[in-house]
Amino acid sequence: MKNNMKKDLKRDAKNFLKFFLSELKPKGKLLTPFNFIAATIIFLGAVIAFFRFKDGLGSVTNLSQEYPWGLWIGFDVITGVAFAGGAYVITFMVYILRMKKYDSIVRITVLNGLLSYMFYAGALLLDLGKPWNVINPIIGNSFGMNSVMFLVAWHFALYMIAEFLEFSPAIAEWFGSKKLKKWLHGITFATVIIGITLSTLHQAGLGALFLMTKSKLHPLWYTEFIPILFFVSSIFAGLSMVIVEGSISKRVFSNLMSPEHHHTHNDIVFGLGKICAIVMYVYFFLKIVVLFHSHSMHYLDTPLGLWYISEMLFFTLLPLAMFTYSVRHRKGNMIRAAAILTLIGIVINRLNVTIIAFNWNLPERYYPSWQEIELTLAVIFLEIVVLRWIVVRMPVFNEKKESREDKISITSAS
Amino acid sequence: MDRRSFVKTVSLIGLSTIPLTAKSKPGTSKPSDKKEFKAILVDITRCEGCQSCEYACLEANGNPDFEPDDFEVNVERKTSVDQLTVINAYDTSKGEFYVKKQCMHCNQPACVAACLTNAMEKTKEGPVIWHADKCMGCRFCMVSCPFHIPKFEYESNNPRIRKCTMCADRLKEGELPACVENCPNEALVFGTRRELLEEAKRRIYQNPDDYHHEIYGEDVVGGTSYLYISPVPFEELGFNTELETEALPKTTTGFLHGVPVIETLLPPFLLGIAAAAKWKSKKTEEVEDEE
Ligand code: SF4
Ligand code: SF4
């Protein structure tokens with residue numbers, strides 16, 4: 001019995017390799033405008049990364065002694081992880097609450113989350129001064145147990161594994177191993193539970209990183225509740241991302257989706273919009289409570305105070321109202337607009353905490369260099385390219401499709 | 001869920017959380033006063049701004065050729081990757097005074113609590129030191145330090161975090177920190193923190209008119225190994241007097257303690273919800289079937 005399994009595995013592995021190599025070939029046209037732009041940006045990013053490792057961080061970034069963290073941490077990692085929050089929320093809804101309606105978007109959301117994490121972790125490596133020592137806190141020769149960063153790093157790494165396992169049935173299906181798929185399906189529920197737990201903690205943990213910056217972060221943003229605020233906002237940030245991505249891929253990958261998927265798409269968007277609205281109410285309420293609690297009201301009529309008010313009004317209350325209105329009146333486009341506004345609001349909030357309201361009492365300021373922006377774009381494009389590569393090959397949108405022969409090739413694929 | 005997959009689920013969850021829970025238990029930094037931390041007392045009334053300490057520091061830290069610039073009154077110079085200590089001059093209500101600036105060697109340092117690799121270390125002797133072989137260059141120590149002290153070599157492809165180490169290596173050899181040894185005016189005194197606090201108080205009590213009645217470092221951010229006494233209130237000398245007395249690592253203990261709790265309680269809670277949801281969906285199906 002065991003021997004048989006071994007043989008099976010060996011054969012599977014061999015087949016997989018053959019299959020994988022054949023799948024590496026591009027499907028569809030290579031020379032599209034999108035591919036051209038993506039290739040240029042990614043190439044330029046690689047050049048910048050080369051100089052970053054050759055001459056140090058100072059050669060390509062505007063980071064300084066007062067601003068040790070810039071765009072790569074503030075946007076790529078801290079904002080990016082919030083955006084990737086959709087995966088744990090959707091798996092919670094589908095596997096725990098059994099909201100069957102959202103079944104069809106589980107895979108794409110998990111895949112998106114997984115890739116985001118992989119590339120944001122990649123961006124993190126670019127930002128580390130001595131990335132080769134990144135193994136230290138993992139192999140255990142140096143455990144900084146008191147460090148919030150330590151917890152975040154571990155939860156981050158484990159969550160990536162959990163997400164990979166959650167997505168892996170699609171991979172097994174892709175190269176046609178039913179046995180493996182079945183086994184992987186069996187552990188999905190467990191990985192989902194672990195994944196949700198890990199997510200809750202590292203989403204909050206990213207906020208907890210700033211607990212010790214009491215004297216540096218503006219009082220309107222500094223609060224001991226920052227982990228909770230980060231956690232709660234990651235819920236609607238992630239869902240808004242799902243809404244926006246969903247509408248984009250509905251256009252781009254429409255031929256990969258089953259008619260059923262198309263049909264339920266609107267329903268899903270309204271459902272997600274409703275949840276966003278509810279969670280945003282909670283968030284807004286929390287923010288107000290924190291504001292009263294913090295005794296920092298007198299800062300409200302300073303320039304940063306006005307900035308705080310605009311964050312609250314235009315990027316929290318306004319999208320909240322739009323979600324509420326459009327769910328009630330079934331306005332699909334307005335929901336999408338609300339989701340985009342929410343995402344902008346999350347970017348602003350995270351950058352406020354990490355950069356804009358950080359060191360508010362110092363004269364020094366930080367603005368990202370063009371190289372920092374370029375490399376950020378390169379990371380995003382790389383993610384999109386890999387996402388597309390996977391989506392056109394693996395059964396991401398349509399779980400029920402059993403064989404890989406009947407896959408439709410689409411016109412401008414990677 | 002059938003029974004087998006339930007068992008699989010539970011054991012997987014258990015496996016994954018147990019080591020994590022054990023690992024994430026926050027160790028508590030012991031209260032400082034039981035250990036005899038070494039410390040340095042800076043008596044600002046005695047400092048004449050000769051910058052001898054600056055030169056001695058450059059020498060002791062392998063940077064003897066660096067030419068520090070002269071200070072200007074009321075212009076704050078910062079420590080840098082080259083200069084781990086600097087002297088600044090301030091025009092105050094009682095005349096011009098000079099203040100030495102460097103790492104404060106906090107009793108419960110934010111930089112150490114921040115570090116996920118233990119590269120930043122609070123030694124039991126008192127100095128806070130940095131280990132090149134452990135650091136991964138995340139710069140969280142810089143973000144967390146309330147005194148803006150750790151400096152990062154942005155121009156290097158194998159960067160170091162640079163900060164005053166209280167000459168921990170020299171201390172091991174039984175020598176004094178370079179700055180203390182080279183101060184011609186005895187403005188710097190080396191000793192145990194307890195002794196120096198007593199000495200500082202003695203100076204203040206014996207010359208109550210010469211000193212402002214406060215020791216900077218006695219309890220700011222939970223106490224530091226650098227202690228300052230001054231003729232004028234500290235805000236006139238560029239000190240951050242708004243810092244609280246609570247040690248910064250304390251701000252994270254709530255979160256760190258919460259982690260293992262959530263890790264143990266959330267998974268069974270989720271299992272419970274899932275079971276309830278399943279039961280409910282079955283029931284609605286049955287109802288539908290019957291109809
Ligand atoms: S002053 Fe800053 S660098 Fe020095 S021990 Fe305190 S927290 Fe660490
Ligand atoms: S930069 Fe190095 S010393 Fe500072 S927190 Fe990160 S790993 Fe620790």
# chains A, B, ... in the order shown; residues from 1 in each chain; ligands from 1
>>> residues_around(residues="stretch 235-250 of chain B", least_positions_apart="2", cutoff="9 Å", atoms="only C-alpha atoms", output="JSON, numbers by chain")
{"A": [146, 147, 211, 212, 213, 214, 215], "B": [29, 74, 76, 88, 89, 90, 91, 92, 93, 97, 98, 99, 106, 107, 108, 109, 110, 111, 112, 113, 114, 144, 145, 146, 147, 216, 219, 220, 221, 222, 223, 230, 232, 233, 252, 253, 254]}
>>> closest_atom_pairs(of="chain A", to="chain B", cutoff="8 Å", atoms="only C-alpha atoms", output="JSON lines")
{"residue": "A:Arg52", "atom": "CA", "partner": "B:Asn157", "partner_atom": "CA", "distance": 7.8}
{"residue": "A:Phe53", "atom": "CA", "partner": "B:Asn157", "partner_atom": "CA", "distance": 5.8}
{"residue": "A:Lys54", "atom": "CA", "partner": "B:Asn157", "partner_atom": "CA", "distance": 5.9}
{"residue": "A:Asp55", "atom": "CA", "partner": "B:Asn157", "partner_atom": "CA", "distance": 5.4}
{"residue": "A:Gly56", "atom": "CA", "partner": "B:Asn157", "partner_atom": "CA", "distance": 4.2}
{"residue": "A:Leu57", "atom": "CA", "partner": "B:Tyr154", "partner_atom": "CA", "distance": 5.2}
{"residue": "A:Gly58", "atom": "CA", "partner": "B:Tyr154", "partner_atom": "CA", "distance": 4.4}
{"residue": "A:Ser59", "atom": "CA", "partner": "B:Glu155", "partner_atom": "CA", "distance": 6.5}
{"residue": "A:Leu63", "atom": "CA", "partner": "B:Tyr154", "partner_atom": "CA", "distance": 8.0}
{"residue": "A:Ser64", "atom": "CA", "partner": "B:Tyr154", "partner_atom": "CA", "distance": 7.8}
{"residue": "A:Gln65", "atom": "CA", "partner": "B:Lys151", "partner_atom": "CA", "distance": 5.9}
{"residue": "A:Glu66", "atom": "CA", "partner": "B:His148", "partner_atom": "CA", "distance": 7.0}
{"residue": "A:Tyr67", "atom": "CA", "partner": "B:Val143", "partner_atom": "CA", "distance": 7.7}
{"residue": "A:Pro68", "atom": "CA", "partner": "B:Arg139", "partner_atom": "CA", "distance": 6.1}
{"residue": "A:Trp69", "atom": "CA", "partner": "B:Arg139", "partner_atom": "CA", "distance": 7.5}
{"residue": "A:Tyr95", "atom": "CA", "partner": "B:Ala274", "partner_atom": "CA", "distance": 7.3}
{"residue": "A:Ile96", "atom": "CA", "partner": "B:Ala274", "partner_atom": "CA", "distance": 4.4}
{"residue": "A:Leu97", "atom": "CA", "partner": "B:Ala277", "partner_atom": "CA", "distance": 5.5}
{"residue": "A:Arg98", "atom": "CA", "partner": "B:Ala277", "partner_atom": "CA", "distance": 6.3}
{"residue": "A:Asp127", "atom": "CA", "partner": "B:Cys138", "partner_atom": "CA", "distance": 7.3}
{"residue": "A:Leu128", "atom": "CA", "partner": "B:Cys138", "partner_atom": "CA", "distance": 5.0}
{"residue": "A:Gly129", "atom": "CA", "partner": "B:Gly137", "partner_atom": "CA", "distance": 4.0}
{"residue": "A:Lys130", "atom": "CA", "partner": "B:Met136", "partner_atom": "CA", "distance": 4.5}
{"residue": "A:Pro131", "atom": "CA", "partner": "B:Met136", "partner_atom": "CA", "distance": 5.6}
{"residue": "A:Trp132", "atom": "CA", "partner": "B:Met136", "partner_atom": "CA", "distance": 7.1}
{"residue": "A:Asn133", "atom": "CA", "partner": "B:Met136", "partner_atom": "CA", "distance": 4.8}
{"residue": "A:Val134", "atom": "CA", "partner": "B:Met136", "partner_atom": "CA", "distance": 5.6}
{"residue": "A:Asn136", "atom": "CA", "partner": "B:Thr117", "partner_atom": "CA", "distance": 6.3}
{"residue": "A:Pro137", "atom": "CA", "partner": "B:Thr117", "partner_atom": "CA", "distance": 5.2}
{"residue": "A:Ser142", "atom": "CA", "partner": "B:Thr117", "partner_atom": "CA", "distance": 5.0}
{"residue": "A:Phe143", "atom": "CA", "partner": "B:Thr117", "partner_atom": "CA", "distance": 5.6}
{"residue": "A:Gly144", "atom": "CA", "partner": "B:Leu116", "partner_atom": "CA", "distance": 4.2}
{"residue": "A:Met145", "atom": "CA", "partner": "B:Pro26", "partner_atom": "CA", "distance": 5.8}
{"residue": "A:Asn146", "atom": "CA", "partner": "B:Pro26", "partner_atom": "CA", "distance": 5.1}
{"residue": "A:Ser147", "atom": "CA", "partner": "B:Ala114", "partner_atom": "CA", "distance": 4.9}
{"residue": "A:Val148", "atom": "CA", "partner": "B:Ala114", "partner_atom": "CA", "distance": 6.7}
{"residue": "A:Met149", "atom": "CA", "partner": "B:Leu116", "partner_atom": "CA", "distance": 5.8}
{"residue": "A:Phe150", "atom": "CA", "partner": "B:Leu116", "partner_atom": "CA", "distance": 4.6}
{"residue": "A:Leu151", "atom": "CA", "partner": "B:Ser24", "partner_atom": "CA", "distance": 6.8}
{"residue": "A:Gly186", "atom": "CA", "partner": "B:Ser5", "partner_atom": "CA", "distance": 6.4}
{"residue": "A:Ile187", "atom": "CA", "partner": "B:Thr9", "partner_atom": "CA", "distance": 6.5}
{"residue": "A:Phe189", "atom": "CA", "partner": "B:Thr9", "partner_atom": "CA", "distance": 6.8}
{"residue": "A:Ala190", "atom": "CA", "partner": "B:Thr9", "partner_atom": "CA", "distance": 4.6}
{"residue": "A:Thr191", "atom": "CA", "partner": "B:Ile13", "partner_atom": "CA", "distance": 7.7}
{"residue": "A:Ile193", "atom": "CA", "partner": "B:Pro267", "partner_atom": "CA", "distance": 6.0}
{"residue": "A:Ile194", "atom": "CA", "partner": "B:Ile13", "partner_atom": "CA", "distance": 6.2}
{"residue": "A:Thr197", "atom": "CA", "partner": "B:Leu266", "partner_atom": "CA", "distance": 6.4}
{"residue": "A:Leu198", "atom": "CA", "partner": "B:Glu263", "partner_atom": "CA", "distance": 7.9}
{"residue": "A:Leu201", "atom": "CA", "partner": "B:Val259", "partner_atom": "CA", "distance": 6.9}
{"residue": "A:Ala208", "atom": "CA", "partner": "B:Thr252", "partner_atom": "CA", "distance": 7.0}
{"residue": "A:Phe210", "atom": "CA", "partner": "B:Ser144", "partner_atom": "CA", "distance": 7.8}
{"residue": "A:Leu211", "atom": "CA", "partner": "B:Thr251", "partner_atom": "CA", "distance": 6.0}
{"residue": "A:Met212", "atom": "CA", "partner": "B:Leu248", "partner_atom": "CA", "distance": 5.5}
{"residue": "A:Thr213", "atom": "CA", "partner": "B:Ser144", "partner_atom": "CA", "distance": 5.5}
{"residue": "A:Ser215", "atom": "CA", "partner": "B:Pro146", "partner_atom": "CA", "distance": 6.4}
{"residue": "A:Lys216", "atom": "CA", "partner": "B:Pro146", "partner_atom": "CA", "distance": 7.4}
{"residue": "A:Glu224", "atom": "CA", "partner": "B:Thr251", "partner_atom": "CA", "distance": 7.5}
{"residue": "A:Pro227", "atom": "CA", "partner": "B:Phe255", "partner_atom": "CA", "distance": 8.0}
>>> select_by_dssp(residues="stretch 23-219 of chain B", states="strand (DSSP E or B)", output="ChimeraX atom specification")
/B:38-43,73,86-92,95-101,106,120-122,128-130,151-152,161-162,188-192,216
>>> residues_around(residues="A:Leu341", least_positions_apart="2", cutoff="9 Å", atoms="only C-alpha atoms", output="list in words")
Phe314, Phe315, Thr316, Leu318, Pro319, Arg336, Ala337, Ala338, Ala339, Leu343, Ile344, Gly345 and Ile346 of chain A
>>> write_last_selection(atoms="C-alpha atoms", output="PDB file, in the first residue's frame")
ATOM      1  CA  PHE A 314     -14.123  62.218   2.761  1.00  0.00           C
ATOM      2  CA  PHE A 315     -12.518  58.818   3.062  1.00  0.00           C
ATOM      3  CA  THR A 316     -14.494  57.160   5.822  1.00  0.00           C
ATOM      4  CA  LEU A 318     -18.445  59.538   2.546  1.00  0.00           C
ATOM      5  CA  PRO A 319     -17.727  56.006   1.248  1.00  0.00           C
ATOM      6  CA  ARG A 336     -17.572  50.337  -7.000  1.00  0.00           C
ATOM      7  CA  ALA A 337     -16.900  54.047  -6.589  1.00  0.00           C
ATOM      8  CA  ALA A 338     -17.359  53.686  -2.841  1.00  0.00           C
ATOM      9  CA  ALA A 339     -14.927  50.779  -2.812  1.00  0.00           C
ATOM     10  CA  LEU A 343      -9.142  52.031  -0.780  1.00  0.00           C
ATOM     11  CA  ILE A 344      -7.787  55.548  -1.219  1.00  0.00           C
ATOM     12  CA  GLY A 345      -8.844  56.227   2.354  1.00  0.00           C
ATOM     13  CA  ILE A 346      -6.906  53.204   3.576  1.00  0.00           C
TER      14      ILE A 346
END
>>> residues_around(residues="B:Ile129", least_positions_apart="2", cutoff="8 Å", atoms="only C-alpha atoms", output="PDB file with N, CA, C and O atoms, in the first residue's frame")
ATOM      1  N   MET B 120      19.711  44.117  19.200  1.00  0.00           N
ATOM      2  CA  MET B 120      19.854  45.135  20.227  1.00  0.00           C
ATOM      3  C   MET B 120      19.743  44.429  21.570  1.00  0.00           C
ATOM      4  O   MET B 120      18.818  43.648  21.781  1.00  0.00           O
ATOM      5  N   GLU B 121      20.696  44.711  22.428  1.00  0.00           N
ATOM      6  CA  GLU B 121      20.700  43.991  23.695  1.00  0.00           C
ATOM      7  C   GLU B 121      20.941  44.941  24.848  1.00  0.00           C
ATOM      8  O   GLU B 121      21.833  45.785  24.791  1.00  0.00           O
ATOM      9  N   LYS B 122      20.133  44.800  25.875  1.00  0.00           N
ATOM     10  CA  LYS B 122      20.399  45.517  27.118  1.00  0.00           C
ATOM     11  C   LYS B 122      21.250  44.576  27.957  1.00  0.00           C
ATOM     12  O   LYS B 122      20.756  43.554  28.450  1.00  0.00           O
ATOM     13  N   THR B 123      22.518  44.862  28.093  1.00  0.00           N
ATOM     14  CA  THR B 123      23.387  43.971  28.867  1.00  0.00           C
ATOM     15  C   THR B 123      23.077  44.119  30.345  1.00  0.00           C
ATOM     16  O   THR B 123      22.554  45.141  30.777  1.00  0.00           O
ATOM     17  N   PRO B 127      24.956  48.863  29.644  1.00  0.00           N
ATOM     18  CA  PRO B 127      25.028  49.389  28.274  1.00  0.00           C
ATOM     19  C   PRO B 127      24.061  48.676  27.328  1.00  0.00           C
ATOM     20  O   PRO B 127      23.811  47.480  27.487  1.00  0.00           O
ATOM     21  N   HIS B 131      24.445  43.890  17.873  1.00  0.00           N
ATOM     22  CA  HIS B 131      25.208  42.779  17.305  1.00  0.00           C
ATOM     23  C   HIS B 131      25.013  42.700  15.798  1.00  0.00           C
ATOM     24  O   HIS B 131      23.912  42.424  15.322  1.00  0.00           O
ATOM     25  N   CYS B 164      25.936  54.941  20.471  1.00  0.00           N
ATOM     26  CA  CYS B 164      26.833  54.831  21.613  1.00  0.00           C
ATOM     27  C   CYS B 164      26.631  53.488  22.309  1.00  0.00           C
ATOM     28  O   CYS B 164      25.504  53.029  22.478  1.00  0.00           O
ATOM     29  N   THR B 165      27.730  52.846  22.702  1.00  0.00           N
ATOM     30  CA  THR B 165      27.631  51.558  23.387  1.00  0.00           C
ATOM     31  C   THR B 165      28.083  51.680  24.837  1.00  0.00           C
ATOM     32  O   THR B 165      28.300  50.681  25.505  1.00  0.00           O
ATOM     33  N   ALA B 168      31.085  49.449  25.923  1.00  0.00           N
ATOM     34  CA  ALA B 168      30.915  48.183  26.639  1.00  0.00           C
ATOM     35  C   ALA B 168      32.186  47.334  26.593  1.00  0.00           C
ATOM     36  O   ALA B 168      32.520  46.653  27.566  1.00  0.00           O
TER      37      ALA B 168
END
>>> select_by_dssp(residues="stretch 167-230 of chain B", states="helix (DSSP H, G or I)", output="list in words")
Ala168, Asp169, Arg170, Leu171, Lys172, Ala178, Cys179, Val180, Glu181, Asn182, Arg193, Arg194, Glu195, Leu196, Leu197, Glu198, Glu199, Ala200, Lys201, Arg202, Arg203, Ile204, Tyr205, Gln206, Val220, Val221 and Gly222 of chain B
>>> atom_distance(atom1="atom CA of A:Val391", atom2="atom CA of A:Phe253")
8.4 Å
>>> closest_residue(among="A:Phe270, A:Gly113, A:Ile135, A:Ile196", to="ligand 2", atoms="only C-alpha atoms and all ligand atoms")
A:Ile135
>>> atom_distance(atom1="atom CA of A:Glu372", atom2="atom CA of A:Tyr120")
13.8 Å
>>> atom_distance(atom1="atom CA of B:Phe66", atom2="atom CA of B:Gln51")
13.4 Å
>>> residues_around(residues="B:Val86", least_positions_apart="3", cutoff="6 Å", atoms="only C-alpha atoms", output="PyMOL selection string")
chain B and resi 54+79+100-101
>>> write_last_selection(atoms="N, CA, C and O atoms", output="PDB file, in the first residue's frame")
ATOM      1  N   GLU B  54      33.847  64.217  22.314  1.00  0.00           N
ATOM      2  CA  GLU B  54      33.547  63.906  20.915  1.00  0.00           C
ATOM      3  C   GLU B  54      34.744  63.261  20.240  1.00  0.00           C
ATOM      4  O   GLU B  54      34.613  62.241  19.548  1.00  0.00           O
ATOM      5  N   THR B  79      23.470  63.214  16.566  1.00  0.00           N
ATOM      6  CA  THR B  79      24.460  62.164  16.411  1.00  0.00           C
ATOM      7  C   THR B  79      24.299  61.593  15.004  1.00  0.00           C
ATOM      8  O   THR B  79      23.266  61.767  14.368  1.00  0.00           O
ATOM      9  N   LYS B 100      25.882  67.296  26.332  1.00  0.00           N
ATOM     10  CA  LYS B 100      26.353  66.131  25.587  1.00  0.00           C
ATOM     11  C   LYS B 100      25.149  65.259  25.232  1.00  0.00           C
ATOM     12  O   LYS B 100      24.254  65.053  26.056  1.00  0.00           O
ATOM     13  N   LYS B 101      25.180  64.779  24.000  1.00  0.00           N
ATOM     14  CA  LYS B 101      24.040  63.994  23.539  1.00  0.00           C
ATOM     15  C   LYS B 101      24.539  62.660  23.014  1.00  0.00           C
ATOM     16  O   LYS B 101      25.542  62.600  22.306  1.00  0.00           O
TER      17      LYS B 101
END
>>> residues_around(residues="A:Met297", least_positions_apart="5", cutoff="12 Å", atoms="only C-alpha atoms", output="VMD selection string")
chain A and resid 218 to 221 288 to 292 302 304 to 306 308 to 309
>>> write_last_selection(atoms="N, CA, C and O atoms", output="mmCIF file, in the first residue's frame")
data_model
loop_
_atom_site.group_PDB
_atom_site.id
_atom_site.type_symbol
_atom_site.label_atom_id
_atom_site.label_comp_id
_atom_site.auth_asym_id
_atom_site.auth_seq_id
_atom_site.Cartn_x
_atom_site.Cartn_y
_atom_site.Cartn_z
ATOM 1 N N HIS A 218 1.627 61.735 15.613
ATOM 2 C CA HIS A 218 0.694 62.792 15.998
ATOM 3 C C HIS A 218 -0.423 62.236 16.896
ATOM 4 O O HIS A 218 -0.979 61.173 16.603
ATOM 5 N N PRO A 219 -0.766 62.985 17.966
ATOM 6 C CA PRO A 219 -1.764 62.472 18.919
ATOM 7 C C PRO A 219 -3.115 62.131 18.290
ATOM 8 O O PRO A 219 -3.871 61.329 18.851
ATOM 9 N N LEU A 220 -3.431 62.740 17.157
ATOM 10 C CA LEU A 220 -4.713 62.391 16.539
ATOM 11 C C LEU A 220 -4.683 60.979 15.953
ATOM 12 O O LEU A 220 -5.718 60.353 15.765
ATOM 13 N N TRP A 221 -3.497 60.483 15.672
ATOM 14 C CA TRP A 221 -3.407 59.123 15.116
ATOM 15 C C TRP A 221 -2.875 58.124 16.133
ATOM 16 O O TRP A 221 -3.161 56.952 16.053
ATOM 17 N N ILE A 288 -14.306 57.778 16.563
ATOM 18 C CA ILE A 288 -14.853 58.895 17.331
ATOM 19 C C ILE A 288 -14.599 58.676 18.825
ATOM 20 O O ILE A 288 -14.160 59.579 19.540
ATOM 21 N N VAL A 289 -14.852 57.461 19.287
ATOM 22 C CA VAL A 289 -14.618 57.155 20.697
ATOM 23 C C VAL A 289 -13.156 57.412 21.054
ATOM 24 O O VAL A 289 -12.839 58.060 22.052
ATOM 25 N N VAL A 290 -12.268 56.946 20.184
ATOM 26 C CA VAL A 290 -10.832 57.125 20.426
ATOM 27 C C VAL A 290 -10.488 58.608 20.473
ATOM 28 O O VAL A 290 -9.706 59.059 21.304
ATOM 29 N N LEU A 291 -11.099 59.366 19.584
ATOM 30 C CA LEU A 291 -10.818 60.802 19.537
ATOM 31 C C LEU A 291 -11.195 61.466 20.864
ATOM 32 O O LEU A 291 -10.419 62.239 21.432
ATOM 33 N N PHE A 292 -12.362 61.142 21.377
ATOM 34 C CA PHE A 292 -12.775 61.726 22.657
ATOM 35 C C PHE A 292 -11.863 61.266 23.785
ATOM 36 O O PHE A 292 -11.478 62.029 24.645
ATOM 37 N N THR A 302 -5.558 72.606 13.669
ATOM 38 C CA THR A 302 -4.232 72.798 13.080
ATOM 39 C C THR A 302 -4.262 72.192 11.673
ATOM 40 O O THR A 302 -5.217 71.480 11.335
ATOM 41 N N LEU A 304 -2.638 69.689 10.399
ATOM 42 C CA LEU A 304 -2.766 68.230 10.452
ATOM 43 C C LEU A 304 -4.138 67.813 10.967
ATOM 44 O O LEU A 304 -4.663 66.766 10.590
ATOM 45 N N GLY A 305 -4.728 68.653 11.803
ATOM 46 C CA GLY A 305 -6.067 68.379 12.297
ATOM 47 C C GLY A 305 -7.076 68.387 11.154
ATOM 48 O O GLY A 305 -7.955 67.523 11.065
ATOM 49 N N LEU A 306 -6.922 69.382 10.274
ATOM 50 C CA LEU A 306 -7.819 69.448 9.115
ATOM 51 C C LEU A 306 -7.630 68.219 8.230
ATOM 52 O O LEU A 306 -8.581 67.673 7.681
ATOM 53 N N TYR A 308 -6.723 65.367 9.298
ATOM 54 C CA TYR A 308 -7.388 64.276 10.017
ATOM 55 C C TYR A 308 -8.890 64.315 9.723
ATOM 56 O O TYR A 308 -9.515 63.293 9.415
ATOM 57 N N ILE A 309 -9.452 65.519 9.792
ATOM 58 C CA ILE A 309 -10.890 65.638 9.547
ATOM 59 C C ILE A 309 -11.226 65.200 8.124
ATOM 60 O O ILE A 309 -12.218 64.497 7.890
#
>>> closest_residue(among="B:Lys124, B:Lys94, B:Arg194, B:Arg162", to="ligand 2", atoms="only C-alpha atoms and all ligand atoms")
B:Arg162
>>> residues_around(residues="B:Glu181", least_positions_apart="6", cutoff="9 Å", atoms="only C-alpha atoms", output="VMD selection string")
chain B and resid 53 56 175 188 to 189
>>> decode(residues="stretch 324-342 of chain A", atoms="C-alpha atoms", output="PDB file, in the first residue's frame")
ATOM      1  CA  THR A 324     -25.256  52.414   2.512  1.00  0.00           C
ATOM      2  CA  TYR A 325     -27.127  54.316  -0.172  1.00  0.00           C
ATOM      3  CA  SER A 326     -26.099  52.117  -3.071  1.00  0.00           C
ATOM      4  CA  VAL A 327     -26.868  48.874  -1.282  1.00  0.00           C
ATOM      5  CA  ARG A 328     -30.325  50.140  -0.468  1.00  0.00           C
ATOM      6  CA  HIS A 329     -30.985  51.385  -3.992  1.00  0.00           C
ATOM      7  CA  ARG A 330     -29.087  48.644  -5.852  1.00  0.00           C
ATOM      8  CA  LYS A 331     -26.612  50.964  -7.548  1.00  0.00           C
ATOM      9  CA  GLY A 332     -23.719  48.794  -8.682  1.00  0.00           C
ATOM     10  CA  ASN A 333     -21.497  51.516 -10.052  1.00  0.00           C
ATOM     11  CA  MET A 334     -21.786  53.572  -6.938  1.00  0.00           C
ATOM     12  CA  ILE A 335     -20.663  50.611  -4.868  1.00  0.00           C
ATOM     13  CA  ARG A 336     -17.572  50.337  -7.000  1.00  0.00           C
ATOM     14  CA  ALA A 337     -16.900  54.047  -6.589  1.00  0.00           C
ATOM     15  CA  ALA A 338     -17.359  53.686  -2.841  1.00  0.00           C
ATOM     16  CA  ALA A 339     -14.927  50.779  -2.812  1.00  0.00           C
ATOM     17  CA  ILE A 340     -12.309  52.805  -4.680  1.00  0.00           C
ATOM     18  CA  LEU A 341     -12.774  55.736  -2.305  1.00  0.00           C
ATOM     19  CA  THR A 342     -12.401  53.364   0.623  1.00  0.00           C
TER      20      THR A 342
END
